[in-house]
$ cat model_24.cif   # mmCIF, C-alpha atoms
data_structure
#
loop_
_atom_site.label_atom_id
_atom_site.label_comp_id
_atom_site.auth_asym_id
_atom_site.auth_seq_id
_atom_site.Cartn_x
_atom_site.Cartn_y
_atom_site.Cartn_z
CA MET A 1 45.69 144.05 -114.12
CA SER A 2 46.94 140.56 -113.67
CA ASP A 3 45.04 137.60 -115.03
CA VAL A 4 43.97 135.97 -111.82
CA THR A 5 42.05 133.18 -113.55
CA ALA A 6 45.23 131.97 -115.19
CA LEU A 7 47.09 131.81 -111.91
CA THR A 8 48.64 128.48 -111.04
CA LEU A 9 49.06 127.90 -107.37
CA ASN A 10 51.80 125.45 -106.46
CA PRO A 11 53.23 124.76 -103.06
CA PRO A 12 56.79 125.99 -102.67
CA ALA A 13 59.68 123.57 -103.01
CA ALA A 14 60.78 121.76 -99.89
CA GLY A 15 63.31 123.60 -97.73
CA ARG A 16 62.58 126.96 -99.32
CA GLN A 17 62.23 129.91 -96.98
CA ILE A 18 58.63 130.94 -97.44
CA ALA A 19 58.36 134.25 -95.64
CA PRO A 20 60.29 136.08 -92.98
CA ALA A 21 60.06 134.09 -89.74
CA ALA A 22 57.00 132.17 -90.87
CA ALA A 23 58.29 128.59 -90.63
CA VAL A 24 56.45 126.13 -88.40
CA GLY A 25 57.33 126.56 -84.76
CA ASP A 26 58.60 130.11 -85.12
CA THR A 27 57.13 132.55 -82.64
CA THR A 28 57.75 135.87 -84.41
CA THR A 29 54.89 137.62 -86.17
CA PRO A 30 55.68 137.79 -89.86
CA ALA A 31 55.58 141.13 -91.56
CA TRP A 32 52.90 140.96 -94.19
CA SER A 33 53.24 144.33 -95.82
CA PRO A 34 56.13 143.37 -98.14
CA LEU A 35 54.31 140.25 -99.28
CA VAL A 36 51.09 142.18 -99.86
CA GLU A 37 52.95 144.80 -101.87
CA ARG A 38 54.52 142.16 -104.03
CA ILE A 39 51.19 140.53 -104.69
CA ARG A 40 49.73 143.90 -105.61
CA ALA A 41 52.59 144.33 -108.00
CA GLY A 42 51.67 141.03 -109.65
CA ASP A 43 54.69 139.01 -108.53
CA PRO A 44 53.83 135.32 -109.17
CA LYS A 45 56.37 134.18 -106.64
CA ALA A 46 54.61 136.23 -104.02
CA LEU A 47 51.42 134.36 -104.82
CA GLU A 48 53.27 131.10 -104.42
CA GLU A 49 54.55 132.23 -101.09
CA LEU A 50 51.06 133.22 -99.98
CA TYR A 51 49.73 129.82 -100.99
CA GLY A 52 52.59 128.02 -99.29
CA LEU A 53 52.03 129.95 -96.09
CA PHE A 54 48.32 129.52 -95.72
CA SER A 55 47.29 126.49 -97.74
CA LYS A 56 47.71 123.97 -94.95
CA GLY A 57 45.97 126.10 -92.38
CA VAL A 58 43.12 126.98 -94.74
CA ARG A 59 42.80 123.35 -95.82
CA PHE A 60 42.75 122.24 -92.16
CA TYR A 61 40.04 124.75 -91.25
CA LEU A 62 37.85 123.99 -94.27
CA CYS A 63 38.18 120.23 -93.80
CA ARG A 64 37.27 120.53 -90.16
CA GLN A 65 34.17 122.58 -90.88
CA LEU A 66 32.94 121.16 -94.18
CA GLY A 67 34.54 117.75 -94.58
CA PRO A 68 37.03 116.50 -97.17
CA GLN A 69 34.77 116.73 -100.21
CA ASP A 70 35.80 119.26 -102.87
CA LEU A 71 38.50 120.48 -100.51
CA ASP A 72 40.99 121.47 -103.19
CA ASP A 73 38.38 123.52 -105.03
CA ARG A 74 37.41 125.32 -101.86
CA VAL A 75 40.99 126.08 -100.94
CA HIS A 76 41.56 127.49 -104.38
CA ASP A 77 38.40 129.57 -104.14
CA VAL A 78 39.65 131.11 -100.92
CA PHE A 79 42.98 132.03 -102.43
CA LEU A 80 41.34 133.47 -105.48
CA ILE A 81 39.20 135.72 -103.30
CA ILE A 82 42.19 136.83 -101.23
CA THR A 83 44.34 137.46 -104.26
CA GLN A 84 41.63 139.45 -105.99
CA ALA A 85 41.07 141.47 -102.85
CA ILE A 86 44.77 142.27 -102.48
CA GLN A 87 45.21 143.15 -106.11
CA GLY A 88 42.00 145.18 -106.13
CA GLY A 89 43.20 147.23 -103.17
CA GLU A 90 40.48 145.95 -100.85
CA LEU A 91 42.99 144.95 -98.17
CA ARG A 92 43.47 148.33 -96.51
CA GLU A 93 45.63 147.07 -93.66
CA PRO A 94 48.29 144.69 -95.01
CA GLU A 95 49.42 143.82 -91.49
CA ARG A 96 45.96 142.35 -90.91
CA LEU A 97 46.40 139.85 -93.73
CA MET A 98 45.92 136.88 -91.41
CA GLY A 99 42.73 138.31 -90.02
CA TYR A 100 41.49 138.88 -93.56
CA VAL A 101 42.32 135.32 -94.57
CA ARG A 102 40.43 134.06 -91.56
CA THR A 103 37.44 136.23 -92.40
CA VAL A 104 37.35 134.97 -96.00
CA VAL A 105 37.58 131.37 -94.88
CA ARG A 106 34.78 131.77 -92.34
CA ARG A 107 32.57 133.43 -94.92
CA GLN A 108 33.21 130.58 -97.31
CA VAL A 109 32.21 128.09 -94.63
CA ALA A 110 29.06 130.03 -93.78
CA ALA A 111 28.13 130.33 -97.46
CA ARG A 112 28.62 126.62 -98.04
CA ILE A 113 26.54 125.68 -95.00
CA ASP A 114 23.83 128.09 -96.09
CA ALA A 115 23.85 126.62 -99.59
CA ASN A 116 23.52 123.11 -98.19
CA VAL A 117 20.60 124.13 -95.99
CA GLN A 118 18.83 125.81 -98.93
CA ALA A 119 19.46 122.80 -101.13
CA ARG A 120 17.97 120.44 -98.57
CA ARG A 121 14.92 122.64 -98.18
CA SER A 122 14.28 123.06 -101.90
CA GLN A 123 15.06 119.55 -103.10
CA THR A 124 12.13 117.36 -102.17
CA THR A 125 12.38 114.69 -104.86
CA LEU A 126 15.32 112.61 -105.84
CA GLU A 127 16.22 113.18 -109.45
CA SER A 128 18.25 110.78 -111.48
CA GLY A 129 21.86 111.74 -111.74
CA VAL A 130 21.99 113.53 -108.39
CA VAL A 131 25.08 112.52 -106.51
CA LEU A 132 24.55 111.79 -102.84
CA ARG A 133 27.67 112.17 -100.80
CA ASP A 134 28.31 109.72 -98.01
CA ARG A 135 29.31 111.86 -95.04
CA SER A 136 30.09 108.90 -92.80
CA PRO A 137 33.74 108.32 -91.93
CA ASP A 138 35.80 106.10 -94.19
CA PRO A 139 36.78 102.65 -92.86
CA GLU A 140 40.21 103.78 -91.76
CA ARG A 141 38.80 106.70 -89.85
CA LEU A 142 36.17 104.44 -88.32
CA ALA A 143 38.91 102.07 -87.19
CA ILE A 144 40.84 104.94 -85.62
CA GLN A 145 37.73 106.21 -83.87
CA GLY A 146 37.02 102.73 -82.56
CA GLN A 147 40.56 102.42 -81.29
CA ASN A 148 40.36 105.80 -79.58
CA PHE A 149 37.09 104.78 -77.97
CA ASP A 150 38.69 101.60 -76.59
CA VAL A 151 41.58 103.58 -75.16
CA ALA A 152 39.29 106.19 -73.60
CA LEU A 153 37.09 103.50 -72.07
CA ARG A 154 40.12 101.78 -70.66
CA ILE A 155 41.26 105.03 -69.10
CA LEU A 156 37.84 105.73 -67.57
CA ASN A 157 37.68 102.22 -66.13
CA SER A 158 41.14 102.45 -64.61
CA ILE A 159 41.11 105.86 -62.92
CA SER A 160 39.68 106.68 -59.51
CA LYS A 161 36.02 107.50 -59.05
CA ARG A 162 36.83 111.10 -58.29
CA ASP A 163 38.96 111.58 -61.39
CA ARG A 164 36.31 109.91 -63.50
CA GLU A 165 33.66 112.22 -62.14
CA VAL A 166 35.79 115.24 -63.04
CA LEU A 167 36.23 114.06 -66.62
CA VAL A 168 32.58 113.14 -67.07
CA ARG A 169 31.33 116.39 -65.63
CA PHE A 170 33.70 118.49 -67.73
CA TYR A 171 33.72 116.71 -71.08
CA LEU A 172 30.34 115.00 -71.21
CA ASN A 173 28.12 117.21 -69.08
CA GLU A 174 30.06 120.36 -70.13
CA GLU A 175 29.92 121.84 -66.67
CA PRO A 176 32.14 124.87 -66.11
CA ALA A 177 35.52 124.20 -64.54
CA GLU A 178 34.83 126.66 -61.72
CA GLN A 179 31.64 124.84 -60.75
CA ILE A 180 33.36 121.46 -60.74
CA CYS A 181 36.23 122.74 -58.62
CA ARG A 182 33.86 124.40 -56.17
CA GLU A 183 31.55 121.40 -55.75
CA MET A 184 34.30 118.81 -55.61
CA ASP A 185 36.64 120.92 -53.49
CA LEU A 186 39.45 120.94 -56.04
CA THR A 187 42.02 123.59 -56.80
CA GLU A 188 42.50 124.69 -60.39
CA THR A 189 45.84 122.95 -60.41
CA GLN A 190 44.34 119.67 -59.23
CA PHE A 191 41.63 119.98 -61.86
CA ARG A 192 44.12 120.56 -64.67
CA LEU A 193 46.32 117.76 -63.41
CA ILE A 194 43.48 115.26 -63.59
CA LYS A 195 42.76 116.25 -67.18
CA SER A 196 46.37 116.33 -68.29
CA ARG A 197 47.04 112.89 -66.76
CA ALA A 198 44.12 111.44 -68.67
CA LYS A 199 45.26 113.11 -71.89
CA ALA A 200 48.83 111.94 -71.43
CA ARG A 201 47.65 108.40 -70.82
CA PHE A 202 45.43 108.64 -73.88
CA GLY A 203 48.41 109.64 -75.97
CA GLU A 204 50.63 106.91 -74.56
CA LEU A 205 48.12 104.14 -75.01
CA GLY A 206 47.30 105.34 -78.51
CA LYS A 207 50.96 105.33 -79.49
CA ALA A 208 51.48 101.90 -77.94
CA ARG A 209 48.62 100.50 -79.97
CA MET A 210 49.92 102.12 -83.12
CA ALA A 211 53.38 100.70 -82.47
CA ARG A 212 51.91 97.23 -82.05
CA ARG A 213 49.98 97.67 -85.28
CA VAL A 214 53.03 98.80 -87.20
CA GLY A 215 55.10 95.99 -85.74
CA PHE A 216 52.45 93.48 -86.66
CA ALA A 217 52.15 94.82 -90.21
CA ALA A 218 55.92 94.82 -90.62
CA GLN A 219 56.01 91.06 -90.12
CA PHE A 220 54.22 90.62 -93.43
CA LYS A 221 56.47 92.88 -95.51
CA MET B 1 60.06 144.55 -83.82
CA SER B 2 56.82 142.58 -83.75
CA PRO B 3 55.86 140.90 -80.48
CA PRO B 4 56.32 137.12 -80.39
CA VAL B 5 53.27 135.00 -81.14
CA SER B 6 52.93 132.20 -78.61
CA HIS B 7 51.93 128.72 -79.61
CA LEU B 8 48.57 127.74 -78.27
CA ASN B 9 48.37 126.19 -74.81
CA GLU B 10 46.39 123.07 -74.15
CA GLU B 11 43.73 124.82 -72.11
CA GLU B 12 42.97 127.24 -74.95
CA LEU B 13 42.80 124.45 -77.50
CA GLU B 14 40.44 122.57 -75.25
CA GLN B 15 38.23 125.60 -74.75
CA TYR B 16 38.20 126.14 -78.51
CA CYS B 17 37.12 122.54 -79.10
CA LEU B 18 34.42 122.85 -76.49
CA GLY B 19 33.23 126.17 -77.91
CA SER B 20 33.89 128.07 -74.71
CA LEU B 21 36.73 130.29 -75.91
CA GLY B 22 35.97 134.01 -76.13
CA GLU B 23 35.50 135.55 -79.58
CA GLU B 24 38.62 137.68 -79.47
CA ARG B 25 40.85 134.87 -78.33
CA CYS B 26 39.13 132.57 -80.82
CA ALA B 27 40.13 134.91 -83.67
CA THR B 28 43.74 134.98 -82.52
CA LEU B 29 43.77 131.20 -82.20
CA GLU B 30 42.34 130.63 -85.68
CA GLU B 31 44.76 133.09 -87.23
CA HIS B 32 47.60 131.19 -85.61
CA LEU B 33 46.21 127.88 -86.87
CA MET B 34 46.31 129.25 -90.42
CA LEU B 35 50.09 129.28 -90.15
CA CYS B 36 51.11 126.71 -87.57
CA GLU B 37 50.98 123.06 -88.56
CA ALA B 38 52.15 121.91 -85.13
CA CYS B 39 49.21 123.59 -83.41
CA CYS B 40 46.85 122.13 -86.02
CA GLU B 41 48.11 118.67 -85.10
CA GLN B 42 47.76 119.45 -81.42
CA LEU B 43 44.18 120.63 -82.02
CA THR B 44 43.42 117.39 -83.86
CA LYS B 45 44.73 115.34 -80.94
CA THR B 46 42.76 117.39 -78.45
CA GLU B 47 39.59 116.97 -80.47
CA ALA B 48 40.17 113.23 -80.74
CA PHE B 49 40.68 112.97 -76.99
CA ILE B 50 37.54 114.96 -76.15
CA ALA B 51 35.39 113.04 -78.65
CA SER B 52 36.68 109.69 -77.37
CA ILE B 53 36.24 110.53 -73.71
CA ARG B 54 32.69 111.74 -74.40
CA HIS B 55 31.85 108.61 -76.34
CA ALA B 56 33.34 106.34 -73.67
CA ALA B 57 31.68 108.25 -70.82
CA ARG B 58 28.32 108.04 -72.58
CA PHE B 59 28.79 104.32 -73.14
CA ARG B 60 29.80 103.78 -69.54
CA ALA B 61 26.83 105.77 -68.23
CA LYS B 62 24.50 103.68 -70.36
CA GLU B 63 26.05 100.45 -69.09
CA GLU B 64 25.81 101.59 -65.47
CA LYS B 65 22.17 102.49 -66.00
CA GLN B 66 21.46 99.03 -67.41
CA VAL B 67 23.27 97.34 -64.54
CA ALA B 68 21.42 99.54 -62.04
CA GLY B 69 18.16 98.50 -63.67
CA VAL B 70 19.05 94.83 -63.38
CA ILE B 71 20.10 95.26 -59.75
CA ALA B 72 16.90 97.16 -58.96
CA GLY B 73 14.88 94.37 -60.54
CA ARG B 74 16.75 91.75 -58.56
CA THR B 75 16.36 93.81 -55.41
CA ARG B 76 12.63 93.97 -55.97
CA ILE B 77 12.50 90.22 -56.52
CA ASN B 78 14.59 89.64 -53.40
CA TRP B 79 12.38 91.98 -51.39
CA LEU B 80 9.28 90.16 -52.53
CA ARG B 81 10.94 86.86 -51.79
CA ASN B 82 11.99 88.05 -48.34
CA GLN B 83 8.48 89.25 -47.56
CA LEU B 84 6.45 86.47 -49.09
CA VAL B 85 8.45 83.43 -48.10
CA PRO B 86 8.09 84.01 -44.36
CA ALA B 87 4.42 84.79 -44.87
CA PHE B 88 3.96 81.54 -46.76
CA VAL B 89 5.86 79.63 -44.14
CA ILE B 90 3.74 81.07 -41.36
CA ALA B 91 0.53 80.43 -43.28
CA ALA B 92 1.59 76.87 -44.01
CA PHE B 93 2.48 76.34 -40.37
CA LEU B 94 -0.88 77.62 -39.28
CA LEU B 95 -2.64 75.42 -41.79
CA VAL B 96 -0.73 72.39 -40.59
CA LEU B 97 -1.48 73.33 -37.03
CA ALA B 98 -5.16 73.71 -37.80
CA ALA B 99 -5.19 70.39 -39.61
CA VAL B 100 -3.48 68.65 -36.73
CA TRP B 101 -5.79 70.20 -34.17
CA SER B 102 -8.95 69.33 -36.05
CA GLY B 103 -7.59 65.88 -36.68
CA TRP B 104 -6.89 65.55 -33.01
CA ARG B 105 -10.33 66.80 -32.17
CA ALA B 106 -11.84 64.41 -34.66
CA GLY B 107 -9.89 61.61 -33.10
CA VAL B 108 -10.92 62.44 -29.57
CA PRO B 109 -14.16 60.57 -28.73
CA ALA B 110 -17.05 62.82 -27.69
CA PRO B 111 -18.09 62.36 -24.04
CA LEU B 112 -21.15 60.17 -23.52
CA PRO B 113 -24.31 62.02 -22.54
CA PHE B 114 -24.98 62.01 -18.83
CA ALA B 115 -28.38 60.61 -18.10
CA VAL B 116 -30.19 62.47 -15.38
CA GLN B 117 -33.51 61.43 -14.00
CA LEU B 118 -35.89 64.31 -13.30
CA THR B 119 -38.98 63.82 -11.20
CA ALA B 120 -41.62 66.26 -10.24
CA LEU B 121 -42.38 64.82 -6.87
CA ARG B 122 -42.61 67.36 -4.08
CA GLY B 123 -39.56 67.16 -1.89
CA ALA B 124 -37.60 65.15 -4.40
CA ALA B 125 -33.93 66.07 -4.69
CA PRO B 126 -33.06 68.05 -7.81
CA GLY B 127 -31.45 66.16 -10.59
CA GLN B 128 -27.69 66.53 -10.76
CA ALA B 129 -25.29 66.33 -13.66
CA PRO B 130 -21.64 67.30 -14.22
CA ALA B 131 -20.79 70.45 -16.10
CA GLY B 132 -19.28 70.23 -19.57
CA ARG B 133 -21.03 66.98 -20.50
CA PRO B 134 -23.99 66.57 -22.80
CA LEU B 135 -27.09 65.53 -20.94
CA LEU B 136 -29.85 63.05 -21.53
CA LEU B 137 -32.86 64.14 -19.52
CA GLN B 138 -35.23 61.35 -18.49
CA LEU B 139 -38.42 63.22 -17.69
CA ASP B 140 -41.23 61.91 -15.58
CA LEU B 141 -44.26 62.68 -17.80
CA THR B 142 -46.80 60.70 -15.76
CA GLY B 143 -50.26 62.25 -16.19
CA LEU B 144 -49.28 64.43 -19.12
CA SER B 145 -50.30 62.18 -22.00
CA ASP B 146 -53.55 64.13 -22.60
CA ALA B 147 -51.84 67.50 -22.64
CA ARG B 148 -49.80 66.98 -25.78
CA PRO B 149 -48.36 68.64 -27.69
CA LEU B 150 -46.02 70.04 -25.10
CA ALA B 151 -43.16 72.48 -25.16
CA GLY B 152 -40.08 72.23 -23.06
CA GLU B 153 -37.47 74.73 -22.00
CA VAL B 154 -34.56 75.02 -19.64
CA VAL B 155 -34.05 78.23 -17.72
CA ASP B 156 -31.24 79.25 -15.45
CA GLY B 157 -31.48 80.51 -11.91
CA TRP B 158 -32.49 83.96 -13.16
CA GLY B 159 -35.26 82.63 -15.35
CA ALA B 160 -33.42 83.21 -18.59
CA ARG B 161 -34.03 80.55 -21.20
CA VAL B 162 -30.91 78.60 -22.07
CA ALA B 163 -32.42 75.81 -24.18
CA GLU B 164 -35.64 74.62 -25.81
CA PHE B 165 -36.55 71.10 -26.65
CA ARG B 166 -39.28 68.85 -27.93
CA VAL B 167 -40.77 67.00 -25.04
CA GLY B 168 -40.20 63.31 -24.97
CA ALA B 169 -39.31 60.63 -22.47
CA ARG B 170 -35.65 61.25 -23.18
CA VAL B 171 -34.45 64.67 -24.09
CA PRO B 172 -30.86 65.23 -25.28
CA LEU B 173 -29.32 68.53 -24.20
CA ARG B 174 -25.99 70.12 -24.91
CA ALA B 175 -23.45 70.50 -22.15
CA MET B 176 -24.11 73.38 -19.81
CA PRO B 177 -21.98 75.26 -17.35
CA ALA B 178 -22.31 74.73 -13.64
CA GLY B 179 -25.33 76.31 -11.97
CA SER B 180 -28.95 75.82 -10.96
CA TYR B 181 -31.49 75.28 -13.70
CA PHE B 182 -35.16 74.48 -14.03
CA VAL B 183 -36.61 72.26 -16.72
CA ARG B 184 -40.18 73.35 -17.53
CA ILE B 185 -42.89 71.55 -19.44
CA ALA B 186 -45.80 73.60 -20.67
CA ARG B 187 -48.65 73.48 -23.07
CA THR B 188 -48.11 75.16 -26.37
CA SER B 189 -50.44 77.86 -25.11
CA GLY B 190 -47.85 78.66 -22.45
CA GLU B 191 -49.58 77.05 -19.44
CA LEU B 192 -46.89 75.63 -17.19
CA LEU B 193 -47.50 72.01 -16.33
CA ARG B 194 -44.35 70.70 -14.70
CA GLU B 195 -41.08 72.08 -13.42
CA TYR B 196 -38.03 70.04 -12.50
CA ALA B 197 -34.97 71.27 -10.65
CA LEU B 198 -31.60 70.50 -12.16
CA ASN B 199 -28.23 71.26 -10.65
CA ILE B 200 -25.19 71.21 -12.89
CA LEU B 201 -22.22 70.55 -10.73
CA PRO B 202 -18.75 71.87 -11.48
#

$ encode --input "model_24.cif" --output "structure tokens"
Amino acid sequence: MSDVTALTLNPPAAGRQIAPAAAVGDTTTPAWSPLVERIRAGDPKALEELYGLFSKGVRFYLCRQLGPQDLDDRVHDVFLIITQAIQGGELREPERLMGYVRTVVRRQVAARIDANVQARRSQTTLESGVVLRDRSPDPERLAIQGQNFDVALRILNSISKRDREVLVRFYLNEEPAEQICREMDLTETQFRLIKSRAKARFGELGKARMARRVGFAAQFK
Amino acid sequence: MSPPVSHLNEEELEQYCLGSLGEERCATLEEHLMLCEACCEQLTKTEAFIASIRHAARFRAKEEKQVAGVIAGRTRINWLRNQLVPAFVIAAFLLVLAAVWSGWRAGVPAPLPFAVQLTALRGAAPGQAPAGRPLLLQLDLTGLSDARPLAGEVVDGWGARVAEFRVGARVPLRAMPAGSYFVRIARTSGELLREYALNILP
């Protein structure tokens, strides 16, 4: 039985082929069985490959659900669980490795949220030494959010009343697309076009602002 | 050969962000996100767009509500102004009119009382006076000095009393409309002592 606690997980070297047809942008489903078999056999390189394949996706999901705090520890916890499950023979269908990874990640998120809720309920007094985490965005993120808000407001102010109503009803009021199309006499294509135009404009204006920022900063280098 | 796995389309990403993607499709999407950095970036951009549009739409709705409130307030003020100003103008006009009219009336001299001699001689012509002028009756009270106190009244042609007065040699009366009248002098007990005919001419 391999010593899982002594496992060192390192991302693979740049340019290295990680798994069959698993590079970003590839549209072929990787075959997981060989990788799973190698992990069961205790191949450390297989573990590295597993980490390299999923670390970014797992990190992205965990950060999105729980925030950036203790992210590395959580990612490592997930991989420990997966590795132990594979090596303990708990993964009965190797081809469903991705589904299993997703399940483990979701359980981790649920467990963390549950722990936070329990902690808030049980902790009624503030003890010395307790660390309070600031969940508000950092200044850079706040600046980006403010910039995005300016761009979105500019878009809303510049489009027609009808287009604005579509966006407000769909994104703010969360009305179903079918209802909006029916009440405003729009086809599905027209509805999607209105949204995609707004999104495209959002992207363009955001890039233009970023370019101006970069150009401005470059003057002082 | 395994079937190709498609990258996520924008509609699916949007539905995932809005929480309206079905469970089965959601699972497939999340499994894909575990592997595909490009789709993770696309999801991030979609989330940023949705969050920004929501924030801006909320801000805009709040601004419009505030502006609508200001406009409603101004509309109310304008309505009040439009209703009250004409009312004030009309009231002021009426007041001015009333002031001018009463001033005019005050300035117009009251007509002098018309003195009419009334005698009780049989066959004497009735006293005559013009309508619309105050009267000054000069009563012939010869032989009535022992009968005092006396009461006087004026009745019209039907016998209806139109005025009462204290009997004296000169009796002021208000103006009366045209018609035939009788001026009666009686004791306080009601015994009629004298009656004079008076014609008010138009």

$ interface_residues --input "model_24.cif" --of "chain A" --to "chain B" --cutoff "9 Å" --atoms "all atoms listed in the file" --output "VMD selection string"
chain A and resid 22 to 31 53 to 61 98 to 99 101 to 102 145 to 146 148 to 157 164 167 to 168 171 to 174 192 196 199 202 to 203

$ resolve_selection --input "model_24.cif" --expression "the PyMOL selection byres ((chain B and resi 135) around 9)" --output "count of residues only"
17

$ residues_around --input "model_24.cif" --residues "Glu153 in chain B" --least-positions-apart "5" --cutoff "12 Å" --atoms "all atoms listed in the file" --output "PDB file with C-alpha atoms, in the coordinates of the input"
ATOM      1  CA  LEU B 137     -32.860  64.140 -19.520  1.00  0.00           C
ATOM      2  CA  GLY B 159     -35.260  82.630 -15.350  1.00  0.00           C
ATOM      3  CA  ALA B 160     -33.420  83.210 -18.590  1.00  0.00           C
ATOM      4  CA  ARG B 161     -34.030  80.550 -21.200  1.00  0.00           C
ATOM      5  CA  VAL B 162     -30.910  78.600 -22.070  1.00  0.00           C
ATOM      6  CA  ALA B 163     -32.420  75.810 -24.180  1.00  0.00           C
ATOM      7  CA  GLU B 164     -35.640  74.620 -25.810  1.00  0.00           C
ATOM      8  CA  PHE B 165     -36.550  71.100 -26.650  1.00  0.00           C
ATOM      9  CA  ARG B 166     -39.280  68.850 -27.930  1.00  0.00           C
ATOM     10  CA  VAL B 167     -40.770  67.000 -25.040  1.00  0.00           C
ATOM     11  CA  VAL B 171     -34.450  64.670 -24.090  1.00  0.00           C
ATOM     12  CA  LEU B 173     -29.320  68.530 -24.200  1.00  0.00           C
ATOM     13  CA  TYR B 181     -31.490  75.280 -13.700  1.00  0.00           C
ATOM     14  CA  PHE B 182     -35.160  74.480 -14.030  1.00  0.00           C
ATOM     15  CA  VAL B 183     -36.610  72.260 -16.720  1.00  0.00           C
ATOM     16  CA  ARG B 184     -40.180  73.350 -17.530  1.00  0.00           C
ATOM     17  CA  ILE B 185     -42.890  71.550 -19.440  1.00  0.00           C
ATOM     18  CA  ALA B 186     -45.800  73.600 -20.670  1.00  0.00           C
ATOM     19  CA  ARG B 187     -48.650  73.480 -23.070  1.00  0.00           C
ATOM     20  CA  THR B 188     -48.110  75.160 -26.370  1.00  0.00           C
ATOM     21  CA  GLY B 190     -47.850  78.660 -22.450  1.00  0.00           C
ATOM     22  CA  LEU B 192     -46.890  75.630 -17.190  1.00  0.00           C
ATOM     23  CA  LEU B 193     -47.500  72.010 -16.330  1.00  0.00           C
ATOM     24  CA  ARG B 194     -44.350  70.700 -14.700  1.00  0.00           C
ATOM     25  CA  GLU B 195     -41.080  72.080 -13.420  1.00  0.00           C
ATOM     26  CA  TYR B 196     -38.030  70.040 -12.500  1.00  0.00           C
TER      27      TYR B 196
END

$ atom_distance --input "model_24.cif" --atom1 "CA of Arg40 in chain A" --atom2 "CA of Ile86 in chain A"
6.1 Å

$ atom_distance --input "model_24.cif" --atom1 "CA of Gly206 in chain A" --atom2 "CA of Glu140 in chain A"
15.1 Å

$ atom_distance --input "model_24.cif" --atom1 "CA of Asp138 in chain A" --atom2 "CA of Leu62 in chain A"
18.0 Å

$ decode --input "model_24.cif" --residues "range 14-27 of chain B" --atoms "N, CA and C atoms" --output "PDB file, in the first residue's frame"
ATOM      1  N   GLU B  14     -24.367  30.582 -19.707  1.00  0.00           N
ATOM      2  CA  GLU B  14     -25.241  31.588 -19.109  1.00  0.00           C
ATOM      3  C   GLU B  14     -26.282  30.925 -18.206  1.00  0.00           C
ATOM      4  N   GLN B  15     -26.866  29.847 -18.707  1.00  0.00           N
ATOM      5  CA  GLN B  15     -27.859  29.150 -17.891  1.00  0.00           C
ATOM      6  C   GLN B  15     -27.219  28.602 -16.614  1.00  0.00           C
ATOM      7  N   TYR B  16     -25.994  28.154 -16.713  1.00  0.00           N
ATOM      8  CA  TYR B  16     -25.290  27.642 -15.530  1.00  0.00           C
ATOM      9  C   TYR B  16     -25.066  28.755 -14.517  1.00  0.00           C
ATOM     10  N   CYS B  17     -24.672  29.915 -15.009  1.00  0.00           N
ATOM     11  CA  CYS B  17     -24.455  31.064 -14.114  1.00  0.00           C
ATOM     12  C   CYS B  17     -25.757  31.495 -13.449  1.00  0.00           C
ATOM     13  N   LEU B  18     -26.841  31.426 -14.210  1.00  0.00           N
ATOM     14  CA  LEU B  18     -28.122  31.861 -13.677  1.00  0.00           C
ATOM     15  C   LEU B  18     -28.815  30.774 -12.875  1.00  0.00           C
ATOM     16  N   GLY B  19     -28.216  29.569 -12.849  1.00  0.00           N
ATOM     17  CA  GLY B  19     -28.797  28.481 -12.062  1.00  0.00           C
ATOM     18  C   GLY B  19     -29.999  27.827 -12.720  1.00  0.00           C
ATOM     19  N   SER B  20     -30.118  27.983 -14.023  1.00  0.00           N
ATOM     20  CA  SER B  20     -31.293  27.432 -14.698  1.00  0.00           C
ATOM     21  C   SER B  20     -30.947  26.238 -15.597  1.00  0.00           C
ATOM     22  N   LEU B  21     -29.727  25.749 -15.473  1.00  0.00           N
ATOM     23  CA  LEU B  21     -29.327  24.586 -16.270  1.00  0.00           C
ATOM     24  C   LEU B  21     -29.777  23.318 -15.557  1.00  0.00           C
ATOM     25  N   GLY B  22     -30.280  22.350 -16.339  1.00  0.00           N
ATOM     26  CA  GLY B  22     -30.744  21.091 -15.762  1.00  0.00           C
ATOM     27  C   GLY B  22     -29.611  20.346 -15.075  1.00  0.00           C
ATOM     28  N   GLU B  23     -29.966  19.459 -14.142  1.00  0.00           N
ATOM     29  CA  GLU B  23     -28.970  18.771 -13.319  1.00  0.00           C
ATOM     30  C   GLU B  23     -28.016  17.920 -14.154  1.00  0.00           C
ATOM     31  N   GLU B  24     -28.598  17.215 -15.124  1.00  0.00           N
ATOM     32  CA  GLU B  24     -27.762  16.319 -15.932  1.00  0.00           C
ATOM     33  C   GLU B  24     -26.759  17.113 -16.765  1.00  0.00           C
ATOM     34  N   ARG B  25     -27.253  18.172 -17.373  1.00  0.00           N
ATOM     35  CA  ARG B  25     -26.388  18.986 -18.210  1.00  0.00           C
ATOM     36  C   ARG B  25     -25.366  19.717 -17.342  1.00  0.00           C
ATOM     37  N   CYS B  26     -25.821  20.086 -16.132  1.00  0.00           N
ATOM     38  CA  CYS B  26     -24.941  20.763 -15.181  1.00  0.00           C
ATOM     39  C   CYS B  26     -23.749  19.869 -14.836  1.00  0.00           C
ATOM     40  N   ALA B  27     -24.020  18.586 -14.626  1.00  0.00           N
ATOM     41  CA  ALA B  27     -22.947  17.631 -14.297  1.00  0.00           C
ATOM     42  C   ALA B  27     -21.945  17.540 -15.436  1.00  0.00           C
TER      43      ALA B  27
END
